[in-house]
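Student: Sharing protein-v6.cif, mmCIF, C-alpha atoms:
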```cif
data_data
#
loop_
_atom_site.group_PDB
_atom_site.id
_atom_site.type_symbol
_atom_site.label_atom_id
_atom_site.label_comp_id
_atom_site.auth_asym_id
_atom_site.auth_seq_id
_atom_site.Cartn_x
_atom_site.Cartn_y
_atom_site.Cartn_z
ATOM 1 C CA MET A 1 45.659 96.431 103.286
ATOM 2 C CA ALA A 2 47.982 95.765 100.350
ATOM 3 C CA THR A 3 51.455 97.250 100.506
ATOM 4 C CA THR A 4 52.961 99.423 97.791
ATOM 5 C CA ALA A 5 55.079 96.503 96.675
ATOM 6 C CA GLU A 6 51.995 94.302 96.380
ATOM 7 C CA TRP A 7 50.205 96.941 94.301
ATOM 8 C CA VAL A 8 53.236 97.179 92.011
ATOM 9 C CA GLU A 9 53.266 93.404 91.642
ATOM 10 C CA GLY A 10 49.515 93.490 91.019
ATOM 11 C CA ALA A 11 50.101 95.895 88.131
ATOM 12 C CA ARG A 12 52.314 93.159 86.635
ATOM 13 C CA PRO A 13 55.204 95.288 85.368
ATOM 14 C CA ARG A 14 56.587 92.310 83.439
ATOM 15 C CA THR A 15 53.724 92.767 80.990
ATOM 16 C CA LEU A 16 54.622 96.398 80.212
ATOM 17 C CA PRO A 17 56.657 95.445 77.106
ATOM 18 C CA THR A 18 53.290 94.576 75.547
ATOM 19 C CA ALA A 19 52.286 98.243 75.941
ATOM 20 C CA ILE A 20 55.598 99.842 74.998
ATOM 21 C CA SER A 21 56.450 97.690 71.979
ATOM 22 C CA PRO A 22 53.558 98.506 69.599
ATOM 23 C CA VAL A 23 53.989 102.225 70.268
ATOM 24 C CA LEU A 24 57.694 101.957 69.460
ATOM 25 C CA VAL A 25 56.947 100.128 66.217
ATOM 26 C CA GLY A 26 54.201 102.550 65.179
ATOM 27 C CA THR A 27 56.386 105.550 65.984
ATOM 28 C CA GLY A 28 59.279 104.081 63.987
ATOM 29 C CA ALA A 29 56.949 103.568 61.056
ATOM 30 C CA ALA A 30 55.729 107.165 61.312
ATOM 31 C CA ILE A 31 59.289 108.524 61.377
ATOM 32 C CA GLY A 32 60.111 106.437 58.324
ATOM 33 C CA ALA A 33 57.101 108.005 56.613
ATOM 34 C CA GLY A 34 58.467 111.475 57.345
ATOM 35 C CA ALA A 35 56.488 112.341 60.487
ATOM 36 C CA VAL A 36 58.168 113.275 63.763
ATOM 37 C CA ALA A 37 55.624 113.850 66.548
ATOM 38 C CA PRO A 38 57.115 113.138 69.993
ATOM 39 C CA GLY A 39 54.085 114.589 71.790
ATOM 40 C CA SER A 40 51.716 112.227 70.026
ATOM 41 C CA ALA A 41 54.082 109.309 70.636
ATOM 42 C CA LEU A 42 54.107 110.014 74.373
ATOM 43 C CA LEU A 43 50.318 110.267 74.459
ATOM 44 C CA ALA A 44 50.040 106.941 72.626
ATOM 45 C CA LEU A 45 52.447 105.412 75.132
ATOM 46 C CA LEU A 46 50.377 106.723 78.042
ATOM 47 C CA VAL A 47 47.227 105.239 76.513
ATOM 48 C CA ALA A 48 48.901 101.856 76.023
ATOM 49 C CA VAL A 49 50.511 101.665 79.466
ATOM 50 C CA ALA A 50 47.321 102.752 81.235
ATOM 51 C CA LEU A 51 45.290 100.153 79.327
ATOM 52 C CA VAL A 52 47.710 97.321 80.108
ATOM 53 C CA ILE A 53 47.864 98.141 83.815
ATOM 54 C CA GLY A 54 44.096 98.593 83.796
ATOM 55 C CA VAL A 55 43.462 95.202 82.226
ATOM 56 C CA ASN A 56 45.857 93.599 84.706
ATOM 57 C CA PHE A 57 43.884 95.031 87.624
ATOM 58 C CA ALA A 58 40.611 94.136 85.898
ATOM 59 C CA ASN A 59 41.768 90.532 85.472
ATOM 60 C CA ASP A 60 42.919 90.477 89.088
ATOM 61 C CA TYR A 61 39.462 91.614 90.196
ATOM 62 C CA SER A 62 37.370 89.392 87.917
ATOM 63 C CA ASP A 63 39.438 86.233 88.425
ATOM 64 C CA GLY A 64 39.610 86.945 92.139
ATOM 65 C CA ILE A 65 35.869 87.226 92.735
ATOM 66 C CA ARG A 66 35.306 84.047 90.705
ATOM 67 C CA GLY A 67 37.837 82.186 92.827
ATOM 68 C CA THR A 68 39.973 81.153 89.873
ATOM 69 C CA ASP A 69 43.063 82.692 91.503
ATOM 70 C CA ASP A 70 42.695 80.917 94.837
ATOM 71 C CA ASP A 71 45.330 78.315 93.926
ATOM 72 C CA ARG A 72 47.777 80.146 91.690
ATOM 73 C CA VAL A 73 51.169 79.134 90.250
ATOM 74 C CA GLY A 74 52.203 82.556 88.944
ATOM 75 C CA PRO A 75 52.768 85.879 90.705
ATOM 76 C CA GLN A 76 50.460 86.823 93.568
ATOM 77 C CA ARG A 77 47.165 88.490 92.733
ATOM 78 C CA LEU A 78 45.686 91.160 94.993
ATOM 79 C CA VAL A 79 42.137 89.838 95.240
ATOM 80 C CA GLY A 80 42.964 86.137 95.101
ATOM 81 C CA SER A 81 45.487 86.481 97.919
ATOM 82 C CA ARG A 82 43.089 88.671 99.957
ATOM 83 C CA ALA A 83 45.725 91.418 100.032
ATOM 84 C CA ALA A 84 43.227 94.020 98.771
ATOM 85 C CA GLU A 85 39.468 94.444 98.702
ATOM 86 C CA PRO A 86 37.874 93.546 95.345
ATOM 87 C CA ALA A 87 36.167 96.946 95.109
ATOM 88 C CA THR A 88 39.497 98.728 95.546
ATOM 89 C CA VAL A 89 41.140 96.702 92.789
ATOM 90 C CA ARG A 90 38.152 97.309 90.525
ATOM 91 C CA ALA A 91 38.423 101.053 91.218
ATOM 92 C CA ALA A 92 42.133 100.926 90.319
ATOM 93 C CA ALA A 93 41.242 99.267 87.012
ATOM 94 C CA PHE A 94 38.619 101.900 86.197
ATOM 95 C CA ALA A 95 41.039 104.684 87.165
ATOM 96 C CA CYS A 96 43.579 103.331 84.671
ATOM 97 C CA PHE A 97 40.904 103.068 81.988
ATOM 98 C CA GLY A 98 39.980 106.674 82.741
ATOM 99 C CA VAL A 99 43.570 107.818 82.276
ATOM 100 C CA ALA A 100 43.718 105.920 78.981
ATOM 101 C CA ALA A 101 40.435 107.491 77.848
ATOM 102 C CA VAL A 102 41.547 111.057 78.621
ATOM 103 C CA ALA A 103 44.955 110.593 76.981
ATOM 104 C CA GLY A 104 43.263 108.970 73.985
ATOM 105 C CA LEU A 105 40.833 111.862 73.653
ATOM 106 C CA VAL A 106 43.692 114.365 73.643
ATOM 107 C CA LEU A 107 45.627 112.263 71.119
ATOM 108 C CA THR A 108 42.584 112.038 68.879
ATOM 109 C CA ALA A 109 42.027 115.784 69.033
ATOM 110 C CA VAL A 110 45.679 116.508 68.216
ATOM 111 C CA SER A 111 45.750 114.088 65.291
ATOM 112 C CA GLY A 112 42.283 114.822 63.957
ATOM 113 C CA GLN A 113 41.599 111.079 63.649
ATOM 114 C CA TRP A 114 38.258 111.294 65.437
ATOM 115 C CA TRP A 115 37.076 107.878 64.319
ATOM 116 C CA LEU A 116 39.723 106.403 66.614
ATOM 117 C CA LEU A 117 37.486 107.329 69.557
ATOM 118 C CA LEU A 118 35.347 104.321 68.674
ATOM 119 C CA VAL A 119 38.446 102.134 68.511
ATOM 120 C CA GLY A 120 39.528 103.398 71.921
ATOM 121 C CA ALA A 121 36.124 102.618 73.401
ATOM 122 C CA LEU A 122 36.318 99.092 71.994
ATOM 123 C CA CYS A 123 39.754 98.690 73.568
ATOM 124 C CA ILE A 124 38.397 99.544 77.018
ATOM 125 C CA VAL A 125 35.380 97.270 76.585
ATOM 126 C CA GLY A 126 37.658 94.476 75.395
ATOM 127 C CA ALA A 127 39.984 95.012 78.347
ATOM 128 C CA TRP A 128 37.156 94.649 80.848
ATOM 129 C CA TYR A 129 35.322 91.708 79.287
ATOM 130 C CA TYR A 130 38.482 89.638 78.787
ATOM 131 C CA THR A 131 37.787 88.129 82.205
ATOM 132 C CA GLY A 132 34.855 90.318 83.319
ATOM 133 C CA GLY A 133 31.119 90.043 82.829
ATOM 134 C CA ALA A 134 28.910 86.961 82.708
ATOM 135 C CA ARG A 135 30.629 85.479 79.640
ATOM 136 C CA PRO A 136 34.305 86.542 79.599
ATOM 137 C CA TYR A 137 35.822 85.784 76.218
ATOM 138 C CA GLY A 138 39.189 84.987 77.797
ATOM 139 C CA TYR A 139 37.509 81.956 79.396
ATOM 140 C CA ALA A 140 36.304 80.815 75.975
ATOM 141 C CA GLY A 141 39.693 80.612 74.252
ATOM 142 C CA LEU A 142 39.434 83.945 72.430
ATOM 143 C CA GLY A 143 42.039 85.865 74.406
ATOM 144 C CA GLU A 144 44.766 85.419 71.816
ATOM 145 C CA VAL A 145 42.521 86.777 69.057
ATOM 146 C CA ALA A 146 41.812 89.930 71.059
ATOM 147 C CA VAL A 147 45.460 90.362 72.051
ATOM 148 C CA PHE A 148 46.573 90.066 68.429
ATOM 149 C CA VAL A 149 44.031 92.626 67.238
ATOM 150 C CA PHE A 150 44.473 95.182 70.022
ATOM 151 C CA PHE A 151 48.243 94.939 70.488
ATOM 152 C CA GLY A 152 49.045 94.417 66.824
ATOM 153 C CA PRO A 153 47.034 96.231 64.137
ATOM 154 C CA VAL A 154 45.131 98.541 66.503
ATOM 155 C CA ALA A 155 48.082 99.701 68.614
ATOM 156 C CA VAL A 156 50.777 99.824 65.926
ATOM 157 C CA LEU A 157 48.715 101.249 63.097
ATOM 158 C CA GLY A 158 46.782 103.549 65.406
ATOM 159 C CA THR A 159 50.078 104.974 66.661
ATOM 160 C CA MET A 160 51.302 105.529 63.118
ATOM 161 C CA LEU A 161 48.039 107.090 61.971
ATOM 162 C CA THR A 162 47.977 109.613 64.799
ATOM 163 C CA GLN A 163 51.493 110.736 63.874
ATOM 164 C CA ALA A 164 51.781 110.327 60.095
ATOM 165 C CA GLY A 165 48.131 110.306 59.028
ATOM 166 C CA ARG A 166 48.709 107.354 56.707
ATOM 167 C CA LEU A 167 49.850 103.727 56.600
ATOM 168 C CA ASP A 168 52.140 101.623 54.433
ATOM 169 C CA ALA A 169 52.760 97.932 53.752
ATOM 170 C CA ALA A 170 55.816 97.666 55.994
ATOM 171 C CA ALA A 171 53.876 99.084 58.948
ATOM 172 C CA VAL A 172 51.075 96.569 58.389
ATOM 173 C CA GLY A 173 53.590 93.725 58.371
ATOM 174 C CA ALA A 174 55.238 95.045 61.529
ATOM 175 C CA ALA A 175 51.825 95.296 63.193
ATOM 176 C CA VAL A 176 51.204 91.617 62.445
ATOM 177 C CA GLY A 177 54.584 90.684 63.931
ATOM 178 C CA ALA A 178 53.992 92.749 67.073
ATOM 179 C CA GLY A 179 50.579 91.180 67.541
ATOM 180 C CA LEU A 180 51.940 87.647 67.202
ATOM 181 C CA LEU A 181 54.762 88.200 69.677
ATOM 182 C CA THR A 182 52.349 89.748 72.157
ATOM 183 C CA CYS A 183 50.194 86.641 71.781
ATOM 184 C CA ALA A 184 53.300 84.616 72.637
ATOM 185 C CA VAL A 185 53.456 86.427 75.981
ATOM 186 C CA LEU A 186 49.860 85.417 76.730
ATOM 187 C CA VAL A 187 50.421 81.854 75.555
ATOM 188 C CA ALA A 188 53.472 81.549 77.835
ATOM 189 C CA ASN A 189 51.277 82.643 80.734
ATOM 190 C CA ASN A 190 48.409 80.314 79.836
ATOM 191 C CA LEU A 191 50.697 77.326 79.220
ATOM 192 C CA ARG A 192 51.881 77.620 82.805
ATOM 193 C CA ASP A 193 48.299 77.815 84.067
ATOM 194 C CA ILE A 194 46.788 74.893 82.104
ATOM 195 C CA PRO A 195 46.354 72.531 85.092
ATOM 196 C CA GLY A 196 44.737 75.145 87.331
ATOM 197 C CA ASP A 197 42.587 76.591 84.548
ATOM 198 C CA ARG A 198 41.219 73.134 83.737
ATOM 199 C CA ILE A 199 40.149 72.649 87.338
ATOM 200 C CA VAL A 200 38.221 75.940 87.526
ATOM 201 C CA GLY A 201 36.684 75.590 84.059
ATOM 202 C CA LYS A 202 38.695 78.353 82.427
ATOM 203 C CA ARG A 203 38.777 77.190 78.794
ATOM 204 C CA THR A 204 41.683 79.233 77.482
ATOM 205 C CA LEU A 205 43.146 78.427 74.081
ATOM 206 C CA ALA A 206 45.974 76.638 75.896
ATOM 207 C CA VAL A 207 43.481 74.393 77.679
ATOM 208 C CA ARG A 208 41.722 73.666 74.404
ATOM 209 C CA LEU A 209 44.938 72.890 72.516
ATOM 210 C CA GLY A 210 46.508 70.901 75.313
ATOM 211 C CA ASP A 211 50.091 70.941 76.506
ATOM 212 C CA ARG A 212 51.867 69.875 73.302
ATOM 213 C CA GLY A 213 49.694 71.966 70.985
ATOM 214 C CA THR A 214 50.276 75.061 73.122
ATOM 215 C CA ARG A 215 54.041 74.571 73.048
ATOM 216 C CA MET A 216 53.973 74.310 69.249
ATOM 217 C CA LEU A 217 51.790 77.412 69.064
ATOM 218 C CA TYR A 218 54.279 79.305 71.230
ATOM 219 C CA LEU A 219 57.120 78.327 68.886
ATOM 220 C CA ALA A 220 55.187 79.558 65.848
ATOM 221 C CA LEU A 221 54.228 82.845 67.511
ATOM 222 C CA VAL A 222 57.878 83.510 68.367
ATOM 223 C CA LEU A 223 59.361 82.634 64.985
ATOM 224 C CA VAL A 224 56.795 83.975 62.504
ATOM 225 C CA PRO A 225 57.414 87.657 63.416
ATOM 226 C CA PHE A 226 61.000 87.273 62.226
ATOM 227 C CA VAL A 227 59.731 85.865 58.932
ATOM 228 C CA VAL A 228 57.323 88.815 58.720
ATOM 229 C CA ALA A 229 60.238 91.217 59.317
ATOM 230 C CA VAL A 230 62.116 89.672 56.398
ATOM 231 C CA GLY A 231 59.033 90.201 54.236
ATOM 232 C CA ALA A 232 58.683 93.818 55.382
ATOM 233 C CA ALA A 233 62.313 94.386 54.423
ATOM 234 C CA PHE A 234 61.304 94.244 50.752
ATOM 235 C CA ASP A 235 59.549 97.575 51.390
ATOM 236 C CA ARG A 236 61.973 98.949 54.003
ATOM 237 C CA PRO A 237 65.317 97.058 54.004
ATOM 238 C CA GLY A 238 66.289 98.466 57.387
ATOM 239 C CA VAL A 239 63.745 96.166 59.044
ATOM 240 C CA LEU A 240 66.181 93.282 58.584
ATOM 241 C CA VAL A 241 67.865 94.549 61.748
ATOM 242 C CA ALA A 242 65.048 92.718 63.564
ATOM 243 C CA LEU A 243 67.011 89.507 63.073
ATOM 244 C CA LEU A 244 69.451 90.797 65.698
ATOM 245 C CA ALA A 245 66.753 90.088 68.300
ATOM 246 C CA LEU A 246 66.558 86.402 67.336
ATOM 247 C CA PRO A 247 69.075 85.220 69.990
ATOM 248 C CA ALA A 248 66.695 86.516 72.663
ATOM 249 C CA ALA A 249 64.263 83.801 71.581
ATOM 250 C CA VAL A 250 66.641 80.937 72.325
ATOM 251 C CA ARG A 251 66.189 80.617 76.099
ATOM 252 C CA PRO A 252 62.381 80.857 76.321
ATOM 253 C CA VAL A 253 61.919 78.527 73.350
ATOM 254 C CA ARG A 254 64.342 76.020 74.877
ATOM 255 C CA ILE A 255 62.440 76.096 78.180
ATOM 256 C CA VAL A 256 59.046 75.688 76.512
ATOM 257 C CA LEU A 257 60.113 72.915 74.131
ATOM 258 C CA GLY A 258 62.042 71.256 76.943
ATOM 259 C CA GLY A 259 58.758 70.438 78.667
ATOM 260 C CA ALA A 260 59.057 72.757 81.690
ATOM 261 C CA GLU A 261 55.910 72.981 83.787
ATOM 262 C CA GLY A 262 54.448 75.103 86.585
ATOM 263 C CA PRO A 263 56.884 77.455 88.340
ATOM 264 C CA ALA A 264 59.635 76.480 85.880
ATOM 265 C CA LEU A 265 57.674 78.340 83.197
ATOM 266 C CA ILE A 266 57.513 81.623 85.120
ATOM 267 C CA PRO A 267 60.786 82.971 83.609
ATOM 268 C CA VAL A 268 59.364 82.388 80.121
ATOM 269 C CA LEU A 269 56.843 85.201 80.612
ATOM 270 C CA LYS A 270 59.598 87.693 81.401
ATOM 271 C CA ASP A 271 61.885 86.398 78.645
ATOM 272 C CA THR A 272 59.102 86.559 76.052
ATOM 273 C CA GLY A 273 58.306 90.129 77.080
ATOM 274 C CA LEU A 274 61.971 91.060 76.688
ATOM 275 C CA LEU A 275 62.069 89.311 73.305
ATOM 276 C CA LEU A 276 59.037 91.334 72.214
ATOM 277 C CA LEU A 277 60.691 94.539 73.364
ATOM 278 C CA ALA A 278 64.008 93.718 71.636
ATOM 279 C CA TRP A 279 62.182 92.851 68.408
ATOM 280 C CA ALA A 280 60.116 96.033 68.616
ATOM 281 C CA VAL A 281 63.150 98.283 69.214
ATOM 282 C CA ALA A 282 64.956 96.710 66.254
ATOM 283 C CA VAL A 283 61.926 96.929 63.961
ATOM 284 C CA ALA A 284 61.217 100.506 65.024
ATOM 285 C CA LEU A 285 64.776 101.517 64.173
ATOM 286 C CA GLY A 286 64.585 99.669 60.872
ATOM 287 C CA LEU A 287 61.312 101.335 59.932
ATOM 288 C CA ALA A 288 62.622 104.742 60.945
ATOM 289 C CA VAL A 289 65.753 104.590 58.779
ATOM 290 C CA GLY A 290 63.948 102.901 55.902
#
```
Will you turn the file into structure tokens for me?

Tutor:
Amino acid sequence: MATTAEWVEGARPRTLPTAISPVLVGTGAAIGAGAVAPGSALLALLVAVALVIGVNFANDYSDGIRGTDDDRVGPQRLVGSRAAEPATVRAAAFACFGVAAVAGLVLTAVSGQWWLLLVGALCIVGAWYYTGGARPYGYAGLGEVAVFVFFGPVAVLGTMLTQAGRLDAAAVGAAVGAGLLTCAVLVANNLRDIPGDRIVGKRTLAVRLGDRGTRMLYLALVLVPFVVAVGAAFDRPGVLVALLALPAAVRPVRIVLGGAEGPALIPVLKDTGLLLLAWAVAVALGLAVG
């Protein structure tokens, strides 16, 4: 039976910046638009965190039963390491999706944006079929597309809509930046796993692009959000404060471009998550003050 520490590791807390960051950005945009709704912000955060933990458990389950986690470079997985029964991990994933669904329903009712129920359902379906089902799209190189959509436009703009009831150009730009940086987190993870993924037939975008192409993609995903922030500053000058997060990009970029492989790439996942969070905090503040 898995220990509490193993369950915590299985939830992959290092990925939580991907849940927190878009909610911060969307809330900052809403405040800048004149809406202050802390209750809605907390509900949006609960939805995002529950979905991220849920997809982590879902990936653990689906990869584990396929055997693609049997020889793993990154952090231990519950099913792949035989620390927990597959059915238990699957139940944990569904429980998290349930929490996200309930919180999302309440948020939708409070905001009156009922059409977002469909978006929420698509988020849960997308979370499961990333590595689940007969044809997981994460195995076909489409993971980055889904991550960009769900953690960028959907999460950021959905958060703003449920609080302010409207959108603006700066928020759209910030949503693009958040989505790209979140993709960088996934690319850092998949770059590390290229050798193992090739062996098991997992055709991620990193596998398709190859080592060098993936490293160049990572660089672009890290730098473009800062360019986007400069563009958004034409609408809300305060967003320029995002440039203060640029130093946080130095170490992970240096490691990736330096050719690190395998375990040496593990710190890049954490550093990219922290970069995303720093960028999001700065952008949120910039959007809020205008």

Student: Selection in question (the file shown): the PyMOL selection byres ((chain A and resi 211) around 12). Which residues does it include, as a PyMOL selection string?

Tutor: chain A and resi 187-188+190-195+198+204-210+212-218+256-262

Student: Generate a file of the selected residues that holds C-alpha atoms, formatted as a PDB file, keeping the file's coordinate frame.

Tutor:
```pdb
ATOM      1  CA  VAL A 187      50.421  81.854  75.555  1.00  0.00           C
ATOM      2  CA  ALA A 188      53.472  81.549  77.835  1.00  0.00           C
ATOM      3  CA  ASN A 190      48.409  80.314  79.836  1.00  0.00           C
ATOM      4  CA  LEU A 191      50.697  77.326  79.220  1.00  0.00           C
ATOM      5  CA  ARG A 192      51.881  77.620  82.805  1.00  0.00           C
ATOM      6  CA  ASP A 193      48.299  77.815  84.067  1.00  0.00           C
ATOM      7  CA  ILE A 194      46.788  74.893  82.104  1.00  0.00           C
ATOM      8  CA  PRO A 195      46.354  72.531  85.092  1.00  0.00           C
ATOM      9  CA  ARG A 198      41.219  73.134  83.737  1.00  0.00           C
ATOM     10  CA  THR A 204      41.683  79.233  77.482  1.00  0.00           C
ATOM     11  CA  LEU A 205      43.146  78.427  74.081  1.00  0.00           C
ATOM     12  CA  ALA A 206      45.974  76.638  75.896  1.00  0.00           C
ATOM     13  CA  VAL A 207      43.481  74.393  77.679  1.00  0.00           C
ATOM     14  CA  ARG A 208      41.722  73.666  74.404  1.00  0.00           C
ATOM     15  CA  LEU A 209      44.938  72.890  72.516  1.00  0.00           C
ATOM     16  CA  GLY A 210      46.508  70.901  75.313  1.00  0.00           C
ATOM     17  CA  ARG A 212      51.867  69.875  73.302  1.00  0.00           C
ATOM     18  CA  GLY A 213      49.694  71.966  70.985  1.00  0.00           C
ATOM     19  CA  THR A 214      50.276  75.061  73.122  1.00  0.00           C
ATOM     20  CA  ARG A 215      54.041  74.571  73.048  1.00  0.00           C
ATOM     21  CA  MET A 216      53.973  74.310  69.249  1.00  0.00           C
ATOM     22  CA  LEU A 217      51.790  77.412  69.064  1.00  0.00           C
ATOM     23  CA  TYR A 218      54.279  79.305  71.230  1.00  0.00           C
ATOM     24  CA  VAL A 256      59.046  75.688  76.512  1.00  0.00           C
ATOM     25  CA  LEU A 257      60.113  72.915  74.131  1.00  0.00           C
ATOM     26  CA  GLY A 258      62.042  71.256  76.943  1.00  0.00           C
ATOM     27  CA  GLY A 259      58.758  70.438  78.667  1.00  0.00           C
ATOM     28  CA  ALA A 260      59.057  72.757  81.690  1.00  0.00           C
ATOM     29  CA  GLU A 261      55.910  72.981  83.787  1.00  0.00           C
ATOM     30  CA  GLY A 262      54.448  75.103  86.585  1.00  0.00           C
TER      31      GLY A 262
END
```

Student: For Val253 in chain A, which residue among A:Leu275, A:Ala37, A:Val147, A:Ala58 is the nearest when counting all atoms listed in the file?

Tutor: A:Leu275

Student: Write out as a PyMOL selection string which residues come within 12 Å of range 176-180 of chain A when counting all atoms listed in the file, dropping same-chain ones fewer than 5 positions away.

Tutor: chain A and resi 17-26+144-157+169-171+185-187+217-232+239+242+272-273+275-284

Student: Just write the chosen residues, C-alpha atoms, as a compact mmCIF listing (two decimals), in the frame of the given file.

Tutor:
```txt
# COMPACT_ATOMS: atom_id res chain seq x y z
CA PRO A 17 56.66 95.44 77.11
CA THR A 18 53.29 94.58 75.55
CA ALA A 19 52.29 98.24 75.94
CA ILE A 20 55.60 99.84 75.00
CA SER A 21 56.45 97.69 71.98
CA PRO A 22 53.56 98.51 69.60
CA VAL A 23 53.99 102.22 70.27
CA LEU A 24 57.69 101.96 69.46
CA VAL A 25 56.95 100.13 66.22
CA GLY A 26 54.20 102.55 65.18
CA GLU A 144 44.77 85.42 71.82
CA VAL A 145 42.52 86.78 69.06
CA ALA A 146 41.81 89.93 71.06
CA VAL A 147 45.46 90.36 72.05
CA PHE A 148 46.57 90.07 68.43
CA VAL A 149 44.03 92.63 67.24
CA PHE A 150 44.47 95.18 70.02
CA PHE A 151 48.24 94.94 70.49
CA GLY A 152 49.04 94.42 66.82
CA PRO A 153 47.03 96.23 64.14
CA VAL A 154 45.13 98.54 66.50
CA ALA A 155 48.08 99.70 68.61
CA VAL A 156 50.78 99.82 65.93
CA LEU A 157 48.72 101.25 63.10
CA ALA A 169 52.76 97.93 53.75
CA ALA A 170 55.82 97.67 55.99
CA ALA A 171 53.88 99.08 58.95
CA VAL A 185 53.46 86.43 75.98
CA LEU A 186 49.86 85.42 76.73
CA VAL A 187 50.42 81.85 75.56
CA LEU A 217 51.79 77.41 69.06
CA TYR A 218 54.28 79.31 71.23
CA LEU A 219 57.12 78.33 68.89
CA ALA A 220 55.19 79.56 65.85
CA LEU A 221 54.23 82.84 67.51
CA VAL A 222 57.88 83.51 68.37
CA LEU A 223 59.36 82.63 64.98
CA VAL A 224 56.80 83.98 62.50
CA PRO A 225 57.41 87.66 63.42
CA PHE A 226 61.00 87.27 62.23
CA VAL A 227 59.73 85.86 58.93
CA VAL A 228 57.32 88.82 58.72
CA ALA A 229 60.24 91.22 59.32
CA VAL A 230 62.12 89.67 56.40
CA GLY A 231 59.03 90.20 54.24
CA ALA A 232 58.68 93.82 55.38
CA VAL A 239 63.74 96.17 59.04
CA ALA A 242 65.05 92.72 63.56
CA THR A 272 59.10 86.56 76.05
CA GLY A 273 58.31 90.13 77.08
CA LEU A 275 62.07 89.31 73.31
CA LEU A 276 59.04 91.33 72.21
CA LEU A 277 60.69 94.54 73.36
CA ALA A 278 64.01 93.72 71.64
CA TRP A 279 62.18 92.85 68.41
CA ALA A 280 60.12 96.03 68.62
CA VAL A 281 63.15 98.28 69.21
CA ALA A 282 64.96 96.71 66.25
CA VAL A 283 61.93 96.93 63.96
CA ALA A 284 61.22 100.51 65.02
```

Student: State, in Å with one decimal place, the distance from CA of Ala84 in chain A to CA of Thr182 in chain A.

Tutor: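 Taking CA of Ala84 in chain A and CA of Thr182 in chain A, their separation equals 28.5 Å.
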
Student: Mind pulling up the distance from CA of Ile199 in chain A to CA of Arg66 in chain A?

Tutor: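 Computed distance, CA of Arg66 in chain A to CA of Ile199 in chain A, equals 12.8 Å.
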
Student: Using the chain letters and numbering of this document, enumerate as a ChimeraX atom specification the residues selected by the PyMOL selection byres ((chain A and resi 288) around 10).

Tutor: /A:25-35,236,238-239,282-287,289-290

Student: Which residue, A:Gly126, A:Gly173, A:Gly98, A:Gly39, has the smallest gap to Asp235 in chain A when you use all atoms listed in the file?

Tutor: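 Between A:Gly126, A:Gly173, A:Gly98, A:Gly39, the residue approaching Asp235 in chain A most closely is A:Gly173.
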
Student: Show which residues sit within 12 Å of Ala87 in chain A, as a list in words. Count only C-alpha atoms, and ignore same-chain residues fewer than 2 positions away.

Tutor: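 Counting only the stated atoms, we get Phe57, Ala58, Asp60, Tyr61, Ser62, Gly64, Ile65, Leu78, Val79, Arg82, Ala84, Glu85, Val89, Arg90, Ala91, Ala92, Ala93 and Phe94 of chain A.
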
Student: Would you please work out which residue, of A:Gly54, A:Ala164, A:Asp271, A:Arg203, is nearest to Arg135 in chain A when using only C-alpha atoms?

Tutor: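 Of A:Gly54, A:Ala164, A:Asp271, A:Arg203, the one nearest Arg135 in chain A is A:Arg203, counting only C-alpha atoms.
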